[in-house]
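Participant: Please read through the structure below; I'll follow up with questions.
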Amino acid sequence: MRDVLDELARRVADGETVGVGTVVATFSSAPRSPGAAMLVGPDGEVTGSVSGGCVEGAVYDLAQQVVAEDLPVLQRYGVSDDDAFAVGLTCGGIIDVYVEPISAETFPELAEIHEAVRAEVPVAIATVIEHPDADRLGRRVVIWPDRVSGTLGSSRATDAVVDDARGMLATGRSGSLHYGPDGQRRGEGMTVFVNSFEPPPRMLVFGAIDFASAMARLGSFLGYRVTVCDARPVFATASRFPEADEVVVDWPHRYLVAQAEAGRVDERTVVAVLTHDPKFDVPLLEVALRLKLAYVGAMGSRRTHDDRVRRLREAGMTEGELAGMASPIGLDLGARTPEETAVSIAAEIIALRWGGRGERLTILDGAIHR
């Protein structure tokens with residue numbers, strides 16, 4: 001829902017009732033992840049996407065229907081006969097889409113959620129999307145770091161879902177949870193979709209060089225909150241890195257230690273070390289490789305890499321710690337320019353995140369999406 005949240009909040013504040021379809025589960029080669037959403041306004045205007053084009057028409061019609069009938073619907077789309085274009089996903093995947101009418105009356109917390117997301121305050125929405133009791137369908141609770149708003153019909157169900165949703169929010173995951181009708185851990189009948197709105201993941205780019213400028217642009221495009229850090233004030237200026245969210249003048253290792261102690265880095269954080277200068281790189285990598293981060297990459301030639309590894313071993317780094325370093329950085333794309341190199345680094349980050357192999361899809365068999 002993050003992609004349509006601004007438009008949704010605006011329309012609801014204007015008194016409109018809109019139909020919103022949200023991907024709540026995916027199977028096989030589905031093109032969009034849980035949480036992807038599509039909004040259909042009363043004027044017929046569409047915002048967002050649930051499938052990249054495969055089933056948008058069907059969801060569009062269903063969204064208008066649920067608004068007219070004021071009844072949410074959980075619908076599965078997939079290839080079920082020869083006419084794939086008419087019935088589902090031509091890519092062969094399957095998605096479950098929950099389509100609901102949303103207005104100020106049905107979702108009074110929306111404005112507050114919108115402000116929280118803009119302020120980067122973590123919040124999750126847990127919605128009952130399947131239940132044998134029709135009166136519970138569409139009930140939701142909003143989970144904040146310090147409080148809960150709403151109920152799922154009983155304290156048992158609410159407590160069970162809130163407990164699990166907090167765990168999902170902490171790791172930034174959205175997805176469906178399954179319980180017995182009253183929140184029983186063992187059982188089936190109630191499905192709850194948890195939509196997590198955690199602050200965007202961070203990309204820390206060390207080294208205020210041309211490659212860092214390209215990396216900041218691409219990192220921002222991919223949805224990261226980008227910080228460029230360098231100890232040299234003449235290079236680390238906001239005017240040189242307009243796409244970065246912040247530019248910091250500090251010794252890289254000292255800055256990373258301070259961020260870790262403040263709890264501002266986590267398992268979603270990616271670090272790109274682009275200075276290829278041992279007086280900066282070695283102390284920084286000693287810190288980074290001992291933190292739980294999503295990615296630590298270091299730029300440099302094979303000779304620079306060998307020298308870097310030797311210095312890190314002399315500094316006491318273990319082989320296990322060194323194995324967490326992507327060096328030389330990036331995938332083998334034949335990149336030459338700063339922009340091409342940034343694509344190479346981003347491709348490696350994406351491949352590690354989703355389990356990709358970085359090979360041409362045309363020579364591979366099997367599912368495209370993992």
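Starting from 1 in every chain, residues are counted up; chains themselves are A, B, ... following the order of the structure tokens, and ligands are numbered from 1 as listed.
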From a backbone DSSP assignment, name each residue in range 31-175 of chain A labelled helix (DSSP H, G or I), as a VMD selection string.
Facilitator: chain A and resid 56 to 69 84 to 87 110 to 118 134 to 136 155 to 171
Participant: Can you tell me, as JSON, numbers by chain, what residues are no more than 10 Å from Glu56 in chain A when counting only C-alpha atoms, ignoring any on the same chain fewer than 3 positions away?
Facilitator: {"A": [21, 38, 46, 48, 49, 50, 51, 52, 53, 59, 60, 61, 62, 88, 89]}
Participant: Just the selected residues (N, CA, C and O atoms), exported as a PDB file, in the first residue's frame, please.
Facilitator:
ATOM      1  N   GLY A  21      -7.122  -2.690  -4.000  1.00  0.00           N
ATOM      2  CA  GLY A  21      -6.727  -4.092  -4.087  1.00  0.00           C
ATOM      3  C   GLY A  21      -5.300  -4.243  -3.620  1.00  0.00           C
ATOM      4  O   GLY A  21      -4.419  -3.509  -4.063  1.00  0.00           O
ATOM      5  N   MET A  38      -3.230  -1.423  -5.594  1.00  0.00           N
ATOM      6  CA  MET A  38      -3.811  -0.655  -6.696  1.00  0.00           C
ATOM      7  C   MET A  38      -5.082   0.025  -6.191  1.00  0.00           C
ATOM      8  O   MET A  38      -5.917  -0.610  -5.541  1.00  0.00           O
ATOM      9  N   VAL A  46      -6.868   5.272 -11.834  1.00  0.00           N
ATOM     10  CA  VAL A  46      -6.138   4.180 -11.204  1.00  0.00           C
ATOM     11  C   VAL A  46      -4.775   4.660 -10.736  1.00  0.00           C
ATOM     12  O   VAL A  46      -4.078   5.391 -11.451  1.00  0.00           O
ATOM     13  N   GLY A  48      -1.214   2.874  -8.893  1.00  0.00           N
ATOM     14  CA  GLY A  48      -0.558   1.658  -8.430  1.00  0.00           C
ATOM     15  C   GLY A  48      -0.815   0.461  -9.321  1.00  0.00           C
ATOM     16  O   GLY A  48      -1.454   0.544 -10.361  1.00  0.00           O
ATOM     17  N   SER A  49      -0.297  -0.685  -8.869  1.00  0.00           N
ATOM     18  CA  SER A  49      -0.387  -1.910  -9.662  1.00  0.00           C
ATOM     19  C   SER A  49      -0.273  -3.117  -8.744  1.00  0.00           C
ATOM     20  O   SER A  49       0.437  -3.079  -7.741  1.00  0.00           O
ATOM     21  N   VAL A  50      -0.984  -4.196  -9.101  1.00  0.00           N
ATOM     22  CA  VAL A  50      -0.889  -5.429  -8.325  1.00  0.00           C
ATOM     23  C   VAL A  50      -0.188  -6.548  -9.089  1.00  0.00           C
ATOM     24  O   VAL A  50       0.188  -7.559  -8.506  1.00  0.00           O
ATOM     25  N   SER A  51      -0.022  -6.367 -10.412  1.00  0.00           N
ATOM     26  CA  SER A  51       0.565  -7.462 -11.180  1.00  0.00           C
ATOM     27  C   SER A  51       1.407  -7.016 -12.356  1.00  0.00           C
ATOM     28  O   SER A  51       1.827  -7.844 -13.169  1.00  0.00           O
ATOM     29  N   GLY A  52       1.663  -5.728 -12.486  1.00  0.00           N
ATOM     30  CA  GLY A  52       2.438  -5.274 -13.621  1.00  0.00           C
ATOM     31  C   GLY A  52       1.664  -5.323 -14.923  1.00  0.00           C
ATOM     32  O   GLY A  52       2.249  -5.282 -15.995  1.00  0.00           O
ATOM     33  N   GLY A  53       0.326  -5.438 -14.864  1.00  0.00           N
ATOM     34  CA  GLY A  53      -0.489  -5.390 -16.064  1.00  0.00           C
ATOM     35  C   GLY A  53      -1.306  -6.631 -16.335  1.00  0.00           C
ATOM     36  O   GLY A  53      -2.289  -6.593 -17.076  1.00  0.00           O
ATOM     37  N   VAL A  59      -9.022  -6.594 -11.540  1.00  0.00           N
ATOM     38  CA  VAL A  59      -9.031  -5.943 -10.220  1.00  0.00           C
ATOM     39  C   VAL A  59      -9.755  -4.604 -10.304  1.00  0.00           C
ATOM     40  O   VAL A  59     -10.461  -4.213  -9.360  1.00  0.00           O
ATOM     41  N   TYR A  60      -9.599  -3.917 -11.409  1.00  0.00           N
ATOM     42  CA  TYR A  60     -10.309  -2.640 -11.616  1.00  0.00           C
ATOM     43  C   TYR A  60     -11.819  -2.855 -11.509  1.00  0.00           C
ATOM     44  O   TYR A  60     -12.526  -2.130 -10.784  1.00  0.00           O
ATOM     45  N   ASP A  61     -12.325  -3.862 -12.208  1.00  0.00           N
ATOM     46  CA  ASP A  61     -13.768  -4.144 -12.159  1.00  0.00           C
ATOM     47  C   ASP A  61     -14.204  -4.565 -10.761  1.00  0.00           C
ATOM     48  O   ASP A  61     -15.261  -4.140 -10.265  1.00  0.00           O
ATOM     49  N   LEU A  62     -13.393  -5.401 -10.112  1.00  0.00           N
ATOM     50  CA  LEU A  62     -13.742  -5.871  -8.778  1.00  0.00           C
ATOM     51  C   LEU A  62     -13.736  -4.730  -7.765  1.00  0.00           C
ATOM     52  O   LEU A  62     -14.575  -4.683  -6.853  1.00  0.00           O
ATOM     53  N   GLY A  88      -6.105 -14.647 -15.901  1.00  0.00           N
ATOM     54  CA  GLY A  88      -5.078 -14.472 -14.876  1.00  0.00           C
ATOM     55  C   GLY A  88      -3.730 -14.048 -15.391  1.00  0.00           C
ATOM     56  O   GLY A  88      -3.611 -13.327 -16.364  1.00  0.00           O
ATOM     57  N   LEU A  89      -2.711 -14.537 -14.730  1.00  0.00           N
ATOM     58  CA  LEU A  89      -1.350 -14.093 -14.956  1.00  0.00           C
ATOM     59  C   LEU A  89      -0.712 -14.855 -16.105  1.00  0.00           C
ATOM     60  O   LEU A  89      -0.495 -16.058 -16.027  1.00  0.00           O
TER      61      LEU A  89
END
Participant: Find the residues near Asp164 in chain A: any atom within 12 Å, counting only C-alpha atoms, skip ones fewer than 4 places away on the same chain, and give them as a list in words.
Facilitator: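 Final neighbour list, sorted by chain and number: Ala124, Ile125, Ala126, Ile143, Ala157, Thr158, Asp159, Ala160, Met168, Leu169, Ala170, Thr171, Arg173, Ser174, Gly175, Ser176, Leu177, His178, Tyr179, Gly183, Arg185, Val192, Phe193, Val194 and Ser196 of chain A.
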Participant: Residues of range 95-240 of chain A in strand (DSSP E) according to DSSP, as a PyMOL selection string?
Facilitator: chain A and resi 95-102+123-130+140-143+148-150+175-179+190-197+202-206+225-230
Participant: Using only C-alpha atoms, which of the listed residues (A:Glu267, A:Tyr255, A:Phe206, A:Arg225) sits closest to Ala298 in chain A?
Facilitator: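 With only C-alpha atoms as the atom set, the closest residue is A:Phe206.
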Participant: Could you state the separation of CA of Pro101 in chain A and CA of Gly187 in chain A in Å, given to one decimal place?
Facilitator: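 CA of Pro101 in chain A sits 28.5 Å away from CA of Gly187 in chain A.
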Participant: Write out as a ChimeraX atom specification which residues come within 8 Å of range 275-288 of chain A when counting only C-alpha atoms, dropping same-chain ones fewer than 5 positions away.
Facilitator: /A:206-209,251-254,256-257,293,296,298-300,304,308,311-312,315,317
Participant: Could the residues of range 151-217 of chain A that have an atom at most 6 Å from range 328-352 of chain A be listed as a tab-separated table, each with its closest atom pair and the distance in Å to one decimal, counting only C-alpha atoms and ordered by chain and ascending residue number?
Facilitator:
residue	atom	partner	partner_atom	distance
A:Phe211	CA	A:Pro338	CA	4.6
A:Ala214	CA	A:Glu339	CA	5.2
A:Met215	CA	A:Ala342	CA	4.9
Participant: Would you save the residues from that selection as a PDB file, in the first residue's frame, using C-alpha atoms?
Facilitator:
ATOM      1  CA  PHE A 211      31.028   6.477  -8.258  1.00  0.00           C
ATOM      2  CA  ALA A 214      25.949   7.433  -9.206  1.00  0.00           C
ATOM      3  CA  MET A 215      25.390   4.976  -6.357  1.00  0.00           C
TER       4      MET A 215
END
Participant: Between CA of Glu120 in chain A and CA of Trp144 in chain A, what is the distance in Å, rounded to a tenth?
Facilitator: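 We find that CA of Glu120 in chain A and CA of Trp144 in chain A lie 11.9 Å from each other.
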Participant: Got a sec: who's within 9 Å of Ala25 in chain A, counting only C-alpha atoms, leaving out chain neighbours fewer than 6 positions off, as a list in words?
Facilitator: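 Those residues are Ser33, Pro34, Gly35, Ile94, Ile95, Asp96, Val97, Gly175, Ser176 and Phe193 of chain A.
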Participant: Using only C-alpha atoms, pick whichever of A:Arg2, A:Ser327, A:Gly93, A:Ala104 has the shortest atom-to-atom distance to Arg302 in chain A.
Facilitator: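 Using only C-alpha atoms, the shortest distance to Arg302 in chain A belongs to A:Ser327.
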Participant: Between CA of Thr127 in chain A and CA of Leu71 in chain A, what distance in Å does the model show, to one decimal?
Facilitator: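 Spanning CA of Thr127 in chain A to CA of Leu71 in chain A is a straight-line distance of 14.1 Å.
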Participant: Please list as a PyMOL selection string every residue within 12 Å of range 106-110 of chain A, counting only C-alpha atoms and excluding residues in the same chain fewer than 2 positions away.
Facilitator: chain A and resi 1+5-13+15-19+67+70-72+100-104+112-117+123-125+127+138-144+148-150
